[in-house]
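Inspection log for the structure reproduced underneath, given as structure tokens.
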Amino acid sequence: MISTLLYALSIVVAFQTPRGIVGESAPSLLGVQWIGDASQSPPEILNGEVTYLFFFQAWCPGCHSHGFPTLKALHWQFKDNVQFIPIQTVFEGFGTNTVRRAAESVASFDLHLPVGNDGDRAHPSPLLRRYKGGGTPWTVIIDRKGIVRYNGFRLDPEYGKELLTTLVEEPAYEILPTNRGGQDLIGIKLKPPVFGASSAPLTLYRWWTDSCSYCVASLPALDLLRLRYEKRGLRVVCIYHPKPPSKNVNEQDVLQAAKKRDFHGEVFIDEEWTQLRKWWLSTGDRSATSVSILVDDKGIVRFVHPGPVLFPSNDTRFSQQNSDFQLLDAAIDTILGDPETSSETSGDAKQLAREGNSSEIDQ
């Protein structure tokens, strides 16, 4: 009973702030008390290195039953490529969660890692506050650009393996700031869309509709990316979602609307917003439906533009639209890497594919 109560206490929101900072720059480890040998050479979050932070408390049952075993399993697989740092972030149980017990907790899992301790009765874990952690166990994964790509209570080991593999292999590129929305999806593995999983190395999905002025400006830019990168493995899919949702959609009208907006790639129809809701609207507070999501061949989200518009421009009035386009362009170029890469596209649902001036409906 006591153990259950302690676990419940450990996973409550430690501080009244939004949980996590996915998409933001990782705060420094300044102020952490390092134990033993780590005090001679304190670890840091370094550019160019993937970092795995594990925030725990010695008395936290969830830390011992799940957090530490996950840390140990992933450390065994990625110790040569990822920096692992366990830190006891004390915000309760100050008489129990001591420096000595922090070191003992890590040693009990036969982990030979630098160990930190942060927080006391007068100053409950400032580090956990800076990371807006929800309590313990709390895992934070940081990419080589110093951007937080995951934070949460219970990291699934298989997902952790996929994400760390992605981050170790991916060259560094810049994403949008977290206040733009949708950056919490980066690093998440999505289920295949209703219109079929993509076999391309990289797929850019963009939702649009014929009543959207932002789409008029954005679709030509997406077609530019398609032409620029299709031989290297990029597939661009524009997904029409009628406003309001409706099954009474004329496919030829959709094709003509895409053509009128200078998009000449693949077009799908999301009549009732089924896929839009699964991937976007149901996953958070979203301000627009004209979202662009870049997904690799493992189904992992690599870049998100939350809408409503992006395009290249030398006009200073459209500096944000141009900056967004350039970031997406750079991400695609960086992820694809080898210019010799090629791809084939596939789809087994309602696809409206156009090449040149011809139209073909694939049921």
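Order determines the names: the first chain of the structure tokens is A, the second B, and so forth; residues in each chain are numbered 1 upward, and ligands are numbered 1 upward as they are shown.
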For this session: Check the DSSP output for the backbone and give back, as a ChimeraX atom specification, the residues of segment 36-92 of chain A in helix (DSSP H, G or I).
Result: /A:36-39,61-78
Problem set entry | Residue contacts of segment 173-178 of chain A (6 Å, only C-alpha atoms) excluding same-chain residues fewer than 2 positions away, as a VMD selection string | chain A and resid 23 to 24 180 to 181 183 331
Selection to disk with C-alpha atoms, as a PDB file, in the first residue's frame:
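Now in part-v5.pdb:
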```
ATOM      1  CA  GLY A  23      10.989  21.235 -29.825  1.00  0.00           C
ATOM      2  CA  GLU A  24      12.846  23.606 -27.501  1.00  0.00           C
ATOM      3  CA  ARG A 180       4.592  27.320 -33.675  1.00  0.00           C
ATOM      4  CA  GLY A 181       2.758  24.158 -32.629  1.00  0.00           C
ATOM      5  CA  GLN A 183       6.660  20.086 -32.762  1.00  0.00           C
ATOM      6  CA  ALA A 331      15.502  19.175 -43.543  1.00  0.00           C
TER       7      ALA A 331
END
```
Exercise. Could you work out how far atom CA of Thr51 of chain A lies from atom CA of Lys191 of chain A, giving the answer in Å with one decimal?
Worked result: 26.2 Å
Exercise. Neighbours of Asn97 of chain A within 8 Å (only C-alpha atoms; same-chain residues fewer than 2 positions away dropped), as a PyMOL selection string?
Worked result: chain A and resi 57-59+88+90+92-95+99+101-102
Mind dumping the selected residues with N, CA and C atoms as an mmCIF file, in the first residue's frame?
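Contents of selection36.cif, freshly written:
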```
data_model
loop_
_atom_site.group_PDB
_atom_site.id
_atom_site.type_symbol
_atom_site.label_atom_id
_atom_site.label_comp_id
_atom_site.auth_asym_id
_atom_site.auth_seq_id
_atom_site.Cartn_x
_atom_site.Cartn_y
_atom_site.Cartn_z
ATOM 1 N N GLN A 57 14.015 9.495 -8.695
ATOM 2 C CA GLN A 57 14.175 9.654 -7.256
ATOM 3 C C GLN A 57 14.359 8.262 -6.669
ATOM 4 N N ALA A 58 15.184 8.157 -5.647
ATOM 5 C CA ALA A 58 15.518 6.852 -5.083
ATOM 6 C C ALA A 58 14.291 6.113 -4.573
ATOM 7 N N TRP A 59 13.300 6.841 -4.077
ATOM 8 C CA TRP A 59 12.139 6.173 -3.496
ATOM 9 C C TRP A 59 11.012 5.916 -4.515
ATOM 10 N N GLN A 88 19.202 12.373 -10.116
ATOM 11 C CA GLN A 88 18.118 12.367 -9.136
ATOM 12 C C GLN A 88 17.602 13.803 -8.986
ATOM 13 N N VAL A 90 15.180 15.839 -7.007
ATOM 14 C CA VAL A 90 14.427 15.722 -5.755
ATOM 15 C C VAL A 90 13.452 16.875 -5.588
ATOM 16 N N GLU A 92 10.527 15.998 -3.473
ATOM 17 C CA GLU A 92 9.749 15.472 -2.352
ATOM 18 C C GLU A 92 10.629 14.443 -1.639
ATOM 19 N N GLY A 93 10.199 13.992 -0.470
ATOM 20 C CA GLY A 93 10.938 12.948 0.240
ATOM 21 C C GLY A 93 12.394 13.304 0.456
ATOM 22 N N PHE A 94 12.646 14.527 0.907
ATOM 23 C CA PHE A 94 14.019 15.030 0.974
ATOM 24 C C PHE A 94 14.891 14.242 1.941
ATOM 25 N N GLY A 95 14.290 13.670 2.985
ATOM 26 C CA GLY A 95 15.073 12.895 3.926
ATOM 27 C C GLY A 95 15.426 11.513 3.422
ATOM 28 N N VAL A 99 21.781 11.985 -1.590
ATOM 29 C CA VAL A 99 22.870 11.800 -2.540
ATOM 30 C C VAL A 99 23.360 10.352 -2.510
ATOM 31 N N ARG A 101 21.761 7.630 -1.625
ATOM 32 C CA ARG A 101 20.788 6.715 -2.222
ATOM 33 C C ARG A 101 20.694 6.894 -3.734
ATOM 34 N N ALA A 102 20.971 8.082 -4.233
ATOM 35 C CA ALA A 102 20.999 8.283 -5.685
ATOM 36 C C ALA A 102 22.076 7.420 -6.313
#
```
Exercise. For the atom pair atom CA of Gly160 of chain A and atom CA of Asp118 of chain A, what is the interatomic distance in Å to one decimal place?
Worked result: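 It comes out at 24.7 Å.
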Problem set entry | Distance of atom CA of Asn250 of chain A from atom CA of Val304 of chain A, expressed in Å to one decimal place |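 Atom-to-atom, atom CA of Val304 of chain A and atom CA of Asn250 of chain A are spaced 29.2 Å apart.
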Problem set entry | DSSP-assigned strand (DSSP E) members of segment 165-318 of chain A, reported as a list in words |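 So, restricting segment 165-318 of chain A to strand (DSSP E), we get Leu202, Thr203, Leu204, Tyr205, Arg206, Trp207, Trp208, Leu234, Arg235, Val236, Val237, Cys238, Ile239, Tyr240, Glu266, Val267, Phe268, Ile269, Ser292, Ile293, Leu294, Val295, Asp296, Val301, Arg302, Phe303, Val304 and His305 of chain A.
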For this session: May I ask which of the residues A:Ala38, A:His75, A:Leu127, A:Pro69 is the closest one to Tyr52 of chain A, counting only C-alpha atoms?
Result: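 Looking only at the distances to Tyr52 of chain A, the closest residue turns out to be A:His75.
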For this session: Name the residues in contact with segment 236-238 of chain A at a cut-off of 6 Å, using only C-alpha atoms, excluding same-chain residues fewer than 4 positions from it; report them as a PyMOL selection string.
Result: chain A and resi 203-207+226+266-267
Which residues come within 8 Å of Lys189 of chain A, counting only C-alpha atoms, excluding same-chain residues fewer than 5 positions away, as a JSON list (two decimals) with N, CA and C atoms, in the first residue's frame?
```
[["chain", "number", "residue", "atom", "x", "y", "z"],
["A", 159, "TYR", "N", 10.14, 1.93, -28.76],
["A", 159, "TYR", "CA", 10.10, 3.27, -29.34],
["A", 159, "TYR", "C", 11.40, 4.01, -29.06],
["A", 298, "LYS", "N", 10.23, 4.61, -41.80],
["A", 298, "LYS", "CA", 9.90, 3.87, -40.58],
["A", 298, "LYS", "C", 8.64, 4.41, -39.93],
["A", 299, "GLY", "N", 8.07, 5.43, -40.54],
["A", 299, "GLY", "CA", 6.86, 6.04, -39.99],
["A", 299, "GLY", "C", 7.13, 7.08, -38.93],
["A", 300, "ILE", "N", 8.40, 7.50, -38.77],
["A", 300, "ILE", "CA", 8.76, 8.46, -37.74],
["A", 300, "ILE", "C", 8.70, 9.89, -38.31],
["A", 301, "VAL", "N", 8.05, 10.76, -37.56],
["A", 301, "VAL", "CA", 7.91, 12.16, -37.98],
["A", 301, "VAL", "C", 9.26, 12.87, -37.86]]
```
Exercise. What's the 7 Å shell around segment 274-288 of chain A, counting only C-alpha atoms, without same-chain residues fewer than 4 positions away, as a list in words?
Worked result: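 The filter keeps Pro193, Val194, Asp270, Pro306, Gly307 and Pro308 of chain A.
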Same residues, C-alpha atoms, output as a PDB file, in the first residue's frame:
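So out07.pdb came out as:
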```
ATOM      1  CA  PRO A 193      -2.230   6.272 -43.127  1.00  0.00           C
ATOM      2  CA  VAL A 194      -5.579   4.937 -44.316  1.00  0.00           C
ATOM      3  CA  ASP A 270      -9.655  12.586 -46.982  1.00  0.00           C
ATOM      4  CA  PRO A 306       1.643  23.432 -38.618  1.00  0.00           C
ATOM      5  CA  GLY A 307       0.306  25.632 -41.414  1.00  0.00           C
ATOM      6  CA  PRO A 308      -1.195  27.606 -42.747  1.00  0.00           C
TER       7      PRO A 308
END
```
Exercise. What lies within 10 Å of Gln77 of chain A using only C-alpha atoms, ignoring chain neighbours under 5 positions off, as a list in words?
Worked result: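 The neighbour list is Lys72, Val82, Lys161, Leu164 and Thr165 of chain A.
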Export, as an mmCIF file, in the first residue's frame, the selected residues with C-alpha atoms.
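To be explicit, this is the file written out as result-v7.cif:
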```
data_model
loop_
_atom_site.group_PDB
_atom_site.id
_atom_site.type_symbol
_atom_site.label_atom_id
_atom_site.label_comp_id
_atom_site.auth_asym_id
_atom_site.auth_seq_id
_atom_site.Cartn_x
_atom_site.Cartn_y
_atom_site.Cartn_z
ATOM 1 C CA LYS A 72 19.959 -0.040 -18.912
ATOM 2 C CA VAL A 82 24.591 8.262 -27.066
ATOM 3 C CA LYS A 161 15.301 2.198 -29.711
ATOM 4 C CA LEU A 164 17.678 6.827 -30.762
ATOM 5 C CA THR A 165 18.503 4.980 -33.987
#
```
Each residue of segment 244-298 of chain A lying at most 10 Å from segment 326-330 of chain A should get a row with its shortest atom-to-atom pair and the distance in Å to one decimal, counting only C-alpha atoms; could you produce that, ordered by chain and increasing number, as JSON lines?
```
{"residue": "A:Ser292", "atom": "CA", "partner": "A:Leu328", "partner_atom": "CA", "distance": 9.6}
{"residue": "A:Ile293", "atom": "CA", "partner": "A:Leu328", "partner_atom": "CA", "distance": 10.0}
{"residue": "A:Leu294", "atom": "CA", "partner": "A:Leu328", "partner_atom": "CA", "distance": 8.7}
```
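With only C-alpha atoms as the atoms that count, the residue of A:Ser105, A:Gly233, A:Trp34, A:Arg129 with the shortest distance to Asp296 of chain A is A:Gly233.
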